[in-house]
>>> print(open('final_27.cif').read())   # mmCIF, C-alpha atoms and all ligand atoms
data_my_file
#
loop_
_atom_site.group_PDB
_atom_site.id
_atom_site.type_symbol
_atom_site.label_atom_id
_atom_site.label_comp_id
_atom_site.auth_asym_id
_atom_site.auth_seq_id
_atom_site.Cartn_x
_atom_site.Cartn_y
_atom_site.Cartn_z
ATOM 1 C CA MET A 1 -45.585 94.530 -180.659
ATOM 2 C CA GLU A 2 -41.922 93.812 -181.067
ATOM 3 C CA THR A 3 -41.429 91.425 -183.950
ATOM 4 C CA LYS A 4 -39.536 88.203 -183.471
ATOM 5 C CA ILE A 5 -38.883 87.841 -187.183
ATOM 6 C CA ILE A 6 -35.470 88.815 -188.527
ATOM 7 C CA ASN A 7 -36.003 90.300 -191.975
ATOM 8 C CA GLY A 8 -33.002 89.090 -193.986
ATOM 9 C CA SER A 9 -34.239 90.714 -197.186
ATOM 10 C CA GLU A 10 -34.196 94.162 -195.583
ATOM 11 C CA ILE A 11 -30.710 93.758 -194.122
ATOM 12 C CA ALA A 12 -29.429 92.326 -197.418
ATOM 13 C CA LYS A 13 -30.909 95.261 -199.332
ATOM 14 C CA LYS A 14 -29.027 97.728 -197.139
ATOM 15 C CA ILE A 15 -25.774 95.905 -197.912
ATOM 16 C CA THR A 16 -26.358 95.825 -201.671
ATOM 17 C CA GLU A 17 -27.539 99.456 -201.789
ATOM 18 C CA ASN A 18 -24.435 100.528 -199.929
ATOM 19 C CA LEU A 19 -22.265 98.578 -202.397
ATOM 20 C CA LYS A 20 -24.076 100.208 -205.300
ATOM 21 C CA LYS A 21 -23.065 103.621 -203.961
ATOM 22 C CA GLN A 22 -19.429 102.519 -203.511
ATOM 23 C CA VAL A 23 -19.270 101.206 -207.065
ATOM 24 C CA GLU A 24 -21.002 104.144 -208.793
ATOM 25 C CA ASN A 25 -17.902 106.287 -209.098
ATOM 26 C CA LEU A 26 -15.377 103.584 -209.888
ATOM 27 C CA ASP A 27 -13.779 103.567 -213.345
ATOM 28 C CA VAL A 28 -12.959 99.881 -213.195
ATOM 29 C CA LYS A 29 -15.798 97.816 -211.744
ATOM 30 C CA PRO A 30 -15.442 94.810 -209.440
ATOM 31 C CA GLY A 31 -15.779 91.597 -211.466
ATOM 32 C CA LEU A 32 -17.484 88.356 -210.443
ATOM 33 C CA ALA A 33 -17.383 85.139 -212.465
ATOM 34 C CA VAL A 34 -19.784 82.312 -211.682
ATOM 35 C CA ILE A 35 -19.196 78.818 -213.043
ATOM 36 C CA ILE A 36 -22.040 76.343 -213.227
ATOM 37 C CA ILE A 37 -21.826 72.796 -214.483
ATOM 38 C CA GLY A 38 -24.862 70.816 -215.589
ATOM 39 C CA ASN A 39 -28.595 71.358 -215.366
ATOM 40 C CA ASP A 40 -29.496 71.182 -211.683
ATOM 41 C CA GLU A 41 -32.573 73.373 -211.560
ATOM 42 C CA ALA A 42 -32.047 74.847 -208.077
ATOM 43 C CA SER A 43 -28.376 75.632 -208.769
ATOM 44 C CA ARG A 44 -29.260 77.346 -212.039
ATOM 45 C CA ILE A 45 -31.765 79.604 -210.258
ATOM 46 C CA TYR A 46 -29.204 80.448 -207.556
ATOM 47 C CA VAL A 47 -26.459 81.368 -210.015
ATOM 48 C CA LYS A 48 -28.762 83.471 -212.185
ATOM 49 C CA ASN A 49 -29.727 85.435 -209.069
ATOM 50 C CA LYS A 50 -26.082 85.917 -208.163
ATOM 51 C CA VAL A 51 -25.151 87.280 -211.578
ATOM 52 C CA LYS A 52 -28.306 89.423 -211.765
ATOM 53 C CA THR A 53 -27.654 90.996 -208.350
ATOM 54 C CA ALA A 54 -24.015 91.632 -209.250
ATOM 55 C CA ARG A 55 -25.050 93.454 -212.437
ATOM 56 C CA GLU A 56 -27.727 95.453 -210.599
ATOM 57 C CA ILE A 57 -25.074 96.695 -208.185
ATOM 58 C CA GLY A 58 -22.928 97.744 -211.122
ATOM 59 C CA PHE A 59 -20.361 94.943 -211.013
ATOM 60 C CA TYR A 60 -19.054 93.284 -214.131
ATOM 61 C CA SER A 61 -20.316 89.713 -214.001
ATOM 62 C CA VAL A 62 -20.007 86.685 -216.258
ATOM 63 C CA LEU A 63 -21.728 83.319 -216.084
ATOM 64 C CA LYS A 64 -19.748 80.359 -217.411
ATOM 65 C CA GLU A 65 -22.081 77.479 -218.190
ATOM 66 C CA LEU A 66 -20.467 74.090 -218.729
ATOM 67 C CA PRO A 67 -22.194 70.835 -219.740
ATOM 68 C CA SER A 68 -22.766 68.037 -217.192
ATOM 69 C CA ASP A 69 -20.238 65.832 -219.025
ATOM 70 C CA CYS A 70 -17.602 68.560 -218.740
ATOM 71 C CA THR A 71 -14.101 67.065 -218.344
ATOM 72 C CA LYS A 72 -11.548 67.900 -215.650
ATOM 73 C CA GLU A 73 -9.402 69.559 -218.279
ATOM 74 C CA MET A 74 -12.249 71.790 -219.457
ATOM 75 C CA LEU A 75 -12.954 72.982 -215.937
ATOM 76 C CA PHE A 76 -9.261 73.506 -215.117
ATOM 77 C CA SER A 77 -8.901 75.598 -218.232
ATOM 78 C CA VAL A 78 -11.931 77.804 -217.404
ATOM 79 C CA ILE A 79 -10.581 78.402 -213.886
ATOM 80 C CA GLU A 80 -7.131 79.231 -215.244
ATOM 81 C CA GLU A 81 -8.581 81.656 -217.756
ATOM 82 C CA LEU A 82 -10.514 83.431 -214.971
ATOM 83 C CA ASN A 83 -7.490 83.418 -212.636
ATOM 84 C CA ASN A 84 -5.612 85.306 -215.376
ATOM 85 C CA ASP A 85 -8.446 87.674 -216.245
ATOM 86 C CA LYS A 86 -7.698 91.145 -214.845
ATOM 87 C CA ASN A 87 -11.386 92.087 -215.009
ATOM 88 C CA ILE A 88 -12.364 89.248 -212.670
ATOM 89 C CA ASN A 89 -11.802 89.712 -208.931
ATOM 90 C CA GLY A 90 -13.945 86.865 -207.613
ATOM 91 C CA ILE A 91 -14.523 83.339 -208.945
ATOM 92 C CA LEU A 92 -17.380 81.180 -207.699
ATOM 93 C CA LEU A 93 -17.688 77.514 -208.612
ATOM 94 C CA GLN A 94 -21.282 76.555 -207.894
ATOM 95 C CA LEU A 95 -21.609 73.351 -205.839
ATOM 96 C CA PRO A 96 -22.512 70.538 -205.959
ATOM 97 C CA LEU A 97 -20.489 69.379 -208.953
ATOM 98 C CA PRO A 98 -21.445 66.365 -211.071
ATOM 99 C CA LYS A 99 -20.233 63.100 -209.477
ATOM 100 C CA HIS A 100 -17.268 62.589 -211.822
ATOM 101 C CA LEU A 101 -15.642 65.852 -210.668
ATOM 102 C CA LYS A 102 -14.084 66.150 -207.189
ATOM 103 C CA LYS A 103 -14.685 69.626 -205.800
ATOM 104 C CA GLU A 104 -11.431 69.704 -203.788
ATOM 105 C CA ASP A 105 -9.402 69.402 -207.017
ATOM 106 C CA PHE A 106 -10.980 72.542 -208.397
ATOM 107 C CA LEU A 107 -11.586 74.750 -205.369
ATOM 108 C CA ASP A 108 -7.843 74.746 -204.714
ATOM 109 C CA LYS A 109 -7.128 75.822 -208.295
ATOM 110 C CA ILE A 110 -8.916 79.136 -207.716
ATOM 111 C CA LEU A 111 -6.339 81.729 -206.604
ATOM 112 C CA PRO A 112 -6.827 82.396 -202.862
ATOM 113 C CA TYR A 113 -7.292 86.111 -203.512
ATOM 114 C CA LYS A 114 -10.027 85.391 -206.087
ATOM 115 C CA ASP A 115 -11.722 82.706 -203.938
ATOM 116 C CA VAL A 116 -14.926 84.659 -203.361
ATOM 117 C CA ASP A 117 -16.594 81.782 -201.458
ATOM 118 C CA GLY A 118 -13.681 81.282 -199.078
ATOM 119 C CA PHE A 119 -13.781 77.564 -199.891
ATOM 120 C CA ASN A 120 -10.183 76.826 -200.810
ATOM 121 C CA SER A 121 -7.586 75.464 -198.405
ATOM 122 C CA TYR A 122 -5.882 78.790 -197.776
ATOM 123 C CA ASN A 123 -9.015 80.692 -196.783
ATOM 124 C CA THR A 124 -10.498 77.713 -194.922
ATOM 125 C CA GLY A 125 -7.234 77.379 -192.970
ATOM 126 C CA LYS A 126 -7.206 81.070 -192.111
ATOM 127 C CA LEU A 127 -10.751 80.850 -190.757
ATOM 128 C CA ALA A 128 -9.902 77.712 -188.763
ATOM 129 C CA ARG A 129 -6.984 79.551 -187.159
ATOM 130 C CA GLY A 130 -9.155 82.568 -186.354
ATOM 131 C CA GLU A 131 -7.170 84.742 -188.742
ATOM 132 C CA LYS A 132 -8.279 86.959 -191.594
ATOM 133 C CA GLY A 133 -8.046 85.419 -195.052
ATOM 134 C CA TYR A 134 -9.273 86.929 -198.308
ATOM 135 C CA ALA A 135 -12.879 85.798 -197.931
ATOM 136 C CA ILE A 136 -15.119 83.791 -195.630
ATOM 137 C CA PRO A 137 -18.057 81.629 -196.801
ATOM 138 C CA CYS A 138 -21.107 83.691 -197.717
ATOM 139 C CA THR A 139 -23.934 81.892 -195.915
ATOM 140 C CA PRO A 140 -22.284 81.767 -192.472
ATOM 141 C CA LYS A 141 -21.012 85.319 -192.995
ATOM 142 C CA GLY A 142 -24.629 86.330 -193.604
ATOM 143 C CA ILE A 143 -25.743 84.447 -190.500
ATOM 144 C CA MET A 144 -23.190 86.292 -188.385
ATOM 145 C CA LYS A 145 -24.510 89.599 -189.731
ATOM 146 C CA LEU A 146 -28.036 88.586 -188.724
ATOM 147 C CA LEU A 147 -26.672 87.952 -185.229
ATOM 148 C CA GLU A 148 -24.747 91.231 -185.184
ATOM 149 C CA ASN A 149 -26.661 92.857 -182.320
ATOM 150 C CA ILE A 150 -26.866 89.718 -180.241
ATOM 151 C CA GLU A 151 -24.503 88.851 -177.406
ATOM 152 C CA ILE A 152 -22.829 85.642 -178.570
ATOM 153 C CA GLU A 153 -20.026 85.220 -176.032
ATOM 154 C CA GLY A 154 -20.692 82.331 -173.664
ATOM 155 C CA LYS A 155 -23.917 81.302 -175.410
ATOM 156 C CA ASN A 156 -24.641 77.702 -176.357
ATOM 157 C CA ALA A 157 -24.755 77.636 -180.130
ATOM 158 C CA VAL A 158 -25.918 74.425 -181.772
ATOM 159 C CA ILE A 159 -25.547 73.839 -185.485
ATOM 160 C CA LEU A 160 -27.506 71.157 -187.263
ATOM 161 C CA GLY A 161 -25.441 70.074 -190.263
ATOM 162 C CA ARG A 162 -21.700 69.751 -190.826
ATOM 163 C CA SER A 163 -21.261 70.857 -194.431
ATOM 164 C CA ASN A 164 -18.191 72.748 -195.603
ATOM 165 C CA ILE A 165 -20.515 75.405 -197.035
ATOM 166 C CA VAL A 166 -22.470 76.221 -193.876
ATOM 167 C CA GLY A 167 -22.124 74.022 -190.774
ATOM 168 C CA LYS A 168 -18.356 73.868 -190.319
ATOM 169 C CA PRO A 169 -17.536 77.497 -191.180
ATOM 170 C CA ALA A 170 -20.503 78.724 -189.103
ATOM 171 C CA ALA A 171 -19.135 76.739 -186.143
ATOM 172 C CA LEU A 172 -15.721 78.361 -186.542
ATOM 173 C CA MET A 173 -17.190 81.856 -186.818
ATOM 174 C CA LEU A 174 -19.262 81.341 -183.663
ATOM 175 C CA LEU A 175 -16.254 79.869 -181.871
ATOM 176 C CA ASN A 176 -14.192 82.897 -182.903
ATOM 177 C CA ARG A 177 -16.910 84.976 -181.183
ATOM 178 C CA ASN A 178 -16.549 82.896 -177.985
ATOM 179 C CA ALA A 179 -19.744 80.850 -178.215
ATOM 180 C CA THR A 180 -19.789 77.287 -176.894
ATOM 181 C CA VAL A 181 -20.392 75.396 -180.096
ATOM 182 C CA THR A 182 -21.893 71.986 -180.799
ATOM 183 C CA ILE A 183 -22.236 70.565 -184.295
ATOM 184 C CA ALA A 184 -24.944 67.904 -184.601
ATOM 185 C CA HIS A 185 -25.376 65.709 -187.673
ATOM 186 C CA SER A 186 -27.077 62.601 -188.993
ATOM 187 C CA LYS A 187 -25.181 60.283 -186.606
ATOM 188 C CA THR A 188 -25.733 62.408 -183.489
ATOM 189 C CA LYS A 189 -27.436 60.604 -180.597
ATOM 190 C CA ASP A 190 -30.146 62.195 -178.422
ATOM 191 C CA LEU A 191 -30.456 65.167 -180.728
ATOM 192 C CA GLU A 192 -33.342 66.723 -178.785
ATOM 193 C CA LYS A 193 -31.240 66.939 -175.623
ATOM 194 C CA ILE A 194 -28.662 68.934 -177.553
ATOM 195 C CA THR A 195 -31.061 71.229 -179.381
ATOM 196 C CA GLN A 196 -33.041 71.902 -176.187
ATOM 197 C CA ASN A 197 -29.870 73.393 -174.735
ATOM 198 C CA ALA A 198 -29.300 75.798 -177.630
ATOM 199 C CA ASP A 199 -29.504 79.542 -177.019
ATOM 200 C CA ILE A 200 -28.746 79.904 -180.722
ATOM 201 C CA LEU A 201 -29.842 77.126 -183.080
ATOM 202 C CA ILE A 202 -28.664 77.118 -186.687
ATOM 203 C CA CYS A 203 -30.452 74.630 -188.900
ATOM 204 C CA ALA A 204 -28.770 73.575 -192.140
ATOM 205 C CA ILE A 205 -29.741 69.974 -192.868
ATOM 206 C CA GLY A 206 -32.156 70.296 -195.785
ATOM 207 C CA LYS A 207 -35.015 68.478 -194.019
ATOM 208 C CA LYS A 208 -38.373 70.109 -194.426
ATOM 209 C CA GLU A 209 -39.789 71.523 -191.137
ATOM 210 C CA PHE A 210 -37.678 69.067 -189.112
ATOM 211 C CA VAL A 211 -37.303 71.247 -185.990
ATOM 212 C CA LYS A 212 -40.438 71.328 -183.810
ATOM 213 C CA LYS A 213 -41.192 73.246 -180.620
ATOM 214 C CA GLU A 214 -40.427 70.267 -178.354
ATOM 215 C CA MET A 215 -36.845 70.359 -179.621
ATOM 216 C CA ILE A 216 -36.041 73.954 -178.667
ATOM 217 C CA LYS A 217 -35.368 75.994 -175.566
ATOM 218 C CA GLN A 218 -37.758 78.759 -174.465
ATOM 219 C CA GLY A 219 -36.404 82.034 -175.841
ATOM 220 C CA ALA A 220 -34.077 80.422 -178.390
ATOM 221 C CA ILE A 221 -32.764 82.325 -181.394
ATOM 222 C CA ILE A 222 -33.329 80.279 -184.532
ATOM 223 C CA ILE A 223 -31.526 80.716 -187.839
ATOM 224 C CA ASP A 224 -33.073 78.607 -190.578
ATOM 225 C CA VAL A 225 -30.779 77.938 -193.525
ATOM 226 C CA GLY A 226 -32.971 75.276 -195.153
ATOM 227 C CA ILE A 227 -34.686 75.887 -198.482
ATOM 228 C CA ASN A 228 -37.127 73.065 -199.129
ATOM 229 C CA ARG A 229 -40.132 72.861 -201.405
ATOM 230 C CA LYS A 230 -43.533 71.846 -200.044
ATOM 231 C CA SER A 231 -46.084 69.808 -202.010
ATOM 232 C CA ASP A 232 -47.963 73.042 -202.820
ATOM 233 C CA GLY A 233 -44.783 74.425 -204.424
ATOM 234 C CA LYS A 234 -44.092 76.965 -201.648
ATOM 235 C CA LEU A 235 -40.696 77.226 -199.981
ATOM 236 C CA THR A 236 -40.164 76.214 -196.378
ATOM 237 C CA GLY A 237 -37.190 75.865 -194.068
ATOM 238 C CA ASP A 238 -35.704 73.155 -191.856
ATOM 239 C CA VAL A 239 -37.772 74.567 -188.998
ATOM 240 C CA ASP A 240 -41.527 74.287 -188.524
ATOM 241 C CA PHE A 241 -41.908 78.064 -188.340
ATOM 242 C CA ASN A 242 -45.485 78.274 -187.026
ATOM 243 C CA ASP A 243 -44.956 75.488 -184.513
ATOM 244 C CA VAL A 244 -41.857 76.994 -182.855
ATOM 245 C CA MET A 245 -42.991 80.628 -183.030
ATOM 246 C CA GLU A 246 -44.453 80.803 -179.509
ATOM 247 C CA LYS A 247 -41.158 79.675 -177.946
ATOM 248 C CA VAL A 248 -38.538 81.621 -179.889
ATOM 249 C CA SER A 249 -37.162 85.057 -179.112
ATOM 250 C CA LEU A 250 -35.950 85.578 -182.694
ATOM 251 C CA ILE A 251 -36.274 83.591 -185.893
ATOM 252 C CA THR A 252 -35.401 83.932 -189.565
ATOM 253 C CA PRO A 253 -38.171 83.140 -192.054
ATOM 254 C CA VAL A 254 -37.892 81.119 -195.289
ATOM 255 C CA PRO A 255 -37.910 82.782 -197.763
ATOM 256 C CA LYS A 256 -36.572 86.287 -196.947
ATOM 257 C CA GLY A 257 -34.231 85.143 -194.201
ATOM 258 C CA VAL A 258 -30.757 83.719 -194.750
ATOM 259 C CA GLY A 259 -31.079 83.334 -198.561
ATOM 260 C CA PRO A 260 -30.804 87.028 -199.481
ATOM 261 C CA MET A 261 -27.960 87.436 -196.957
ATOM 262 C CA THR A 262 -25.907 84.791 -198.793
ATOM 263 C CA ILE A 263 -26.158 86.774 -202.004
ATOM 264 C CA ALA A 264 -25.467 90.113 -200.278
ATOM 265 C CA CYS A 265 -22.343 88.649 -198.646
ATOM 266 C CA LEU A 266 -21.186 87.259 -201.972
ATOM 267 C CA MET A 267 -21.402 90.789 -203.334
ATOM 268 C CA GLU A 268 -19.545 92.168 -200.325
ATOM 269 C CA ASN A 269 -16.857 89.501 -200.718
ATOM 270 C CA THR A 270 -16.465 90.404 -204.400
ATOM 271 C CA TYR A 271 -15.994 94.059 -203.482
ATOM 272 C CA GLU A 272 -13.509 93.206 -200.718
ATOM 273 C CA LEU A 273 -11.461 91.046 -203.114
ATOM 274 C CA TYR A 274 -11.517 93.884 -205.641
ATOM 275 C CA LEU A 275 -10.154 96.293 -203.022
ATOM 276 C CA ALA A 276 -7.471 93.819 -201.921
ATOM 277 C CA GLN A 277 -6.387 93.266 -205.537
ATOM 278 C CA LYS A 278 -6.371 96.994 -206.194
ATOM 279 C CA ARG A 279 -4.212 97.584 -203.128
ATOM 280 C CA GLY A 280 -1.926 94.868 -204.416
ATOM 281 C CA ILE A 281 -1.043 93.390 -201.015
ATOM 282 C CA LEU A 282 -1.546 89.744 -201.914
HETATM 283 N N1 LIG A 301 -24.059 75.705 -203.324
HETATM 284 C C1 LIG A 301 -24.893 76.012 -202.305
HETATM 285 N N2 LIG A 301 -24.474 77.118 -201.649
HETATM 286 C C2 LIG A 301 -23.342 77.512 -202.267
HETATM 287 C C3 LIG A 301 -22.444 78.598 -202.043
HETATM 288 O O1 LIG A 301 -22.600 79.432 -201.133
HETATM 289 N N3 LIG A 301 -21.402 78.667 -202.909
HETATM 290 C C4 LIG A 301 -21.194 77.763 -203.900
HETATM 291 N N4 LIG A 301 -20.124 77.912 -204.671
HETATM 292 N N5 LIG A 301 -22.000 76.737 -204.119
HETATM 293 C C5 LIG A 301 -23.075 76.626 -203.304
#
>>> encode(input="final_27.cif", output="structure tokens")
Amino acid sequence: METKIINGSEIAKKITENLKKQVENLDVKPGLAVIIIGNDEASRIYVKNKVKTAREIGFYSVLKELPSDCTKEMLFSVIEELNNDKNINGILLQLPLPKHLKKEDFLDKILPYKDVDGFNSYNTGKLARGEKGYAIPCTPKGIMKLLENIEIEGKNAVILGRSNIVGKPAALMLLNRNATVTIAHSKTKDLEKITQNADILICAIGKKEFVKKEMIKQGAIIIDVGINRKSDGKLTGDVDFNDVMEKVSLITPVPKGVGPMTIACLMENTYELYLAQKRGIL
């Protein structure tokens, strides 16, 4: 029987294994720096995985851990140090930041050609204009790879969630591929009417098993970005996986869906920044 489940882990592994081969024979390795501020448990797990994967591939990777009461000046100085570090090609500032720090102030301090997340104004602007910048955000990039063999042009794509990390850049990437895109969010009226019209539904709202079968179209393709914890400690997505299964044509699971693709794309972005910096056309 043909499976409806898109195995993100498998696709991500192919990407990282391929990168490993590219890096093997390099004298100078691509370098990734990850900055984390404070003690948010989920963020700490994410960043450790990022650094671990980078090192497994053979990249040089450093983790900069700053305290939750870190000042603006401290963070500016860490970013400046990394901007000037020849061994670092990509800089990632893990979000969210503590409340006293405004992310916009810092994301724009990362040099555009070291902005491995594609979150600063230059790279965001390039994506919005449908042009190539230095990097595009990792989670939506991973989503687009999962949709690689799917005809997107002319399809109704609905995105639940309007974050700068996933919802907005995913909308732009789908629009650049000629989908008809709708972004729904917490203030959207008649949500079911919108989701029922989605050929492709991307769920990134952080609400445990929010999407049920009544909300989707027969044959829909569902990409579940949510990572939520159930009372038994297990992870689950924004979609009620078992409930919608009978109606979907394709679906990503949680875990082993979008999550590993985010990390694989971060690695790919690091390598692409390394190549761009090596070429010197900046
Ligand atoms: N927090 C949640 N996802 C991400 C991401 O992709 N990049 C960064 N920097 N922070 C995040």
>>> residues_around(input="final_27.cif", residues="region 65-81 of chain A", least_positions_apart="6", cutoff="10 Å", atoms="all atoms listed in the file", output="list in words")
Ala33, Val34, Ile35, Ile36, Ile37, Gly38, Asn39, Asp40, Arg44, Ile88, Ile91, Leu92, Leu93, Leu97, Pro98, Lys99, His100, Leu101, Lys102, Asp105, Phe106, Leu107, Lys109, Ile110 and Leu111 of chain A
>>> write_last_selection(input="final_27.cif", atoms="C-alpha atoms", output="mmCIF file, in the coordinates of the input")
data_model
loop_
_atom_site.group_PDB
_atom_site.id
_atom_site.type_symbol
_atom_site.label_atom_id
_atom_site.label_comp_id
_atom_site.auth_asym_id
_atom_site.auth_seq_id
_atom_site.Cartn_x
_atom_site.Cartn_y
_atom_site.Cartn_z
ATOM 1 C CA ALA A 33 -17.383 85.139 -212.465
ATOM 2 C CA VAL A 34 -19.784 82.312 -211.682
ATOM 3 C CA ILE A 35 -19.196 78.818 -213.043
ATOM 4 C CA ILE A 36 -22.040 76.343 -213.227
ATOM 5 C CA ILE A 37 -21.826 72.796 -214.483
ATOM 6 C CA GLY A 38 -24.862 70.816 -215.589
ATOM 7 C CA ASN A 39 -28.595 71.358 -215.366
ATOM 8 C CA ASP A 40 -29.496 71.182 -211.683
ATOM 9 C CA ARG A 44 -29.260 77.346 -212.039
ATOM 10 C CA ILE A 88 -12.364 89.248 -212.670
ATOM 11 C CA ILE A 91 -14.523 83.339 -208.945
ATOM 12 C CA LEU A 92 -17.380 81.180 -207.699
ATOM 13 C CA LEU A 93 -17.688 77.514 -208.612
ATOM 14 C CA LEU A 97 -20.489 69.379 -208.953
ATOM 15 C CA PRO A 98 -21.445 66.365 -211.071
ATOM 16 C CA LYS A 99 -20.233 63.100 -209.477
ATOM 17 C CA HIS A 100 -17.268 62.589 -211.822
ATOM 18 C CA LEU A 101 -15.642 65.852 -210.668
ATOM 19 C CA LYS A 102 -14.084 66.150 -207.189
ATOM 20 C CA ASP A 105 -9.402 69.402 -207.017
ATOM 21 C CA PHE A 106 -10.980 72.542 -208.397
ATOM 22 C CA LEU A 107 -11.586 74.750 -205.369
ATOM 23 C CA LYS A 109 -7.128 75.822 -208.295
ATOM 24 C CA ILE A 110 -8.916 79.136 -207.716
ATOM 25 C CA LEU A 111 -6.339 81.729 -206.604
#
>>> residues_near_ligand(input="final_27.cif", ligand="ligand LIG 301 (chain A)", cutoff="7 Å", atoms="all atoms listed in the file", output="list in words")
Ser43, Leu92, Leu93, Gln94, Leu95, Pro96, Asp117, Pro137, Cys138, Thr139, Ile165 and Thr262 of chain A
>>> residues_around(input="final_27.cif", residues="region 15-30 of chain A", least_positions_apart="5", cutoff="12 Å", atoms="all atoms listed in the file", output="VMD selection string")
chain A and resid 8 to 10 50 53 to 62 86 to 91 114 116 142 145 to 146 260 to 278
>>> resolve_selection(input="final_27.cif", expression="the PyMOL selection byres (((chain A and resi 143) around 12) and not hetatm)", output="MDAnalysis selection string")
chainID A and resid 6:8 11:12 136:142 144:150 159 166:167 169:171 173:174 200:204 221:225 251:252 257:265
>>> atom_distance(input="final_27.cif", atom1="CA of Arg279 (chain A)", atom2="CA of Glu104 (chain A)")
28.8 Å
>>> atom_distance(input="final_27.cif", atom1="CA of Asp243 (chain A)", atom2="CA of Pro255 (chain A)")
16.7 Å
>>> residues_near_point(input="final_27.cif", point="(-34.3, 68.6, -193.5)", cutoff="9 Å", atoms="only C-alpha atoms", output="list in words")
Cys203, Ala204, Ile205, Gly206, Lys207, Lys208, Glu209, Phe210, Val211, Gly226, Ile227, Asn228, Gly237, Asp238 and Val239 of chain A
>>> atom_distance(input="final_27.cif", atom1="CA of Leu82 (chain A)", atom2="CA of Tyr46 (chain A)")
20.3 Å
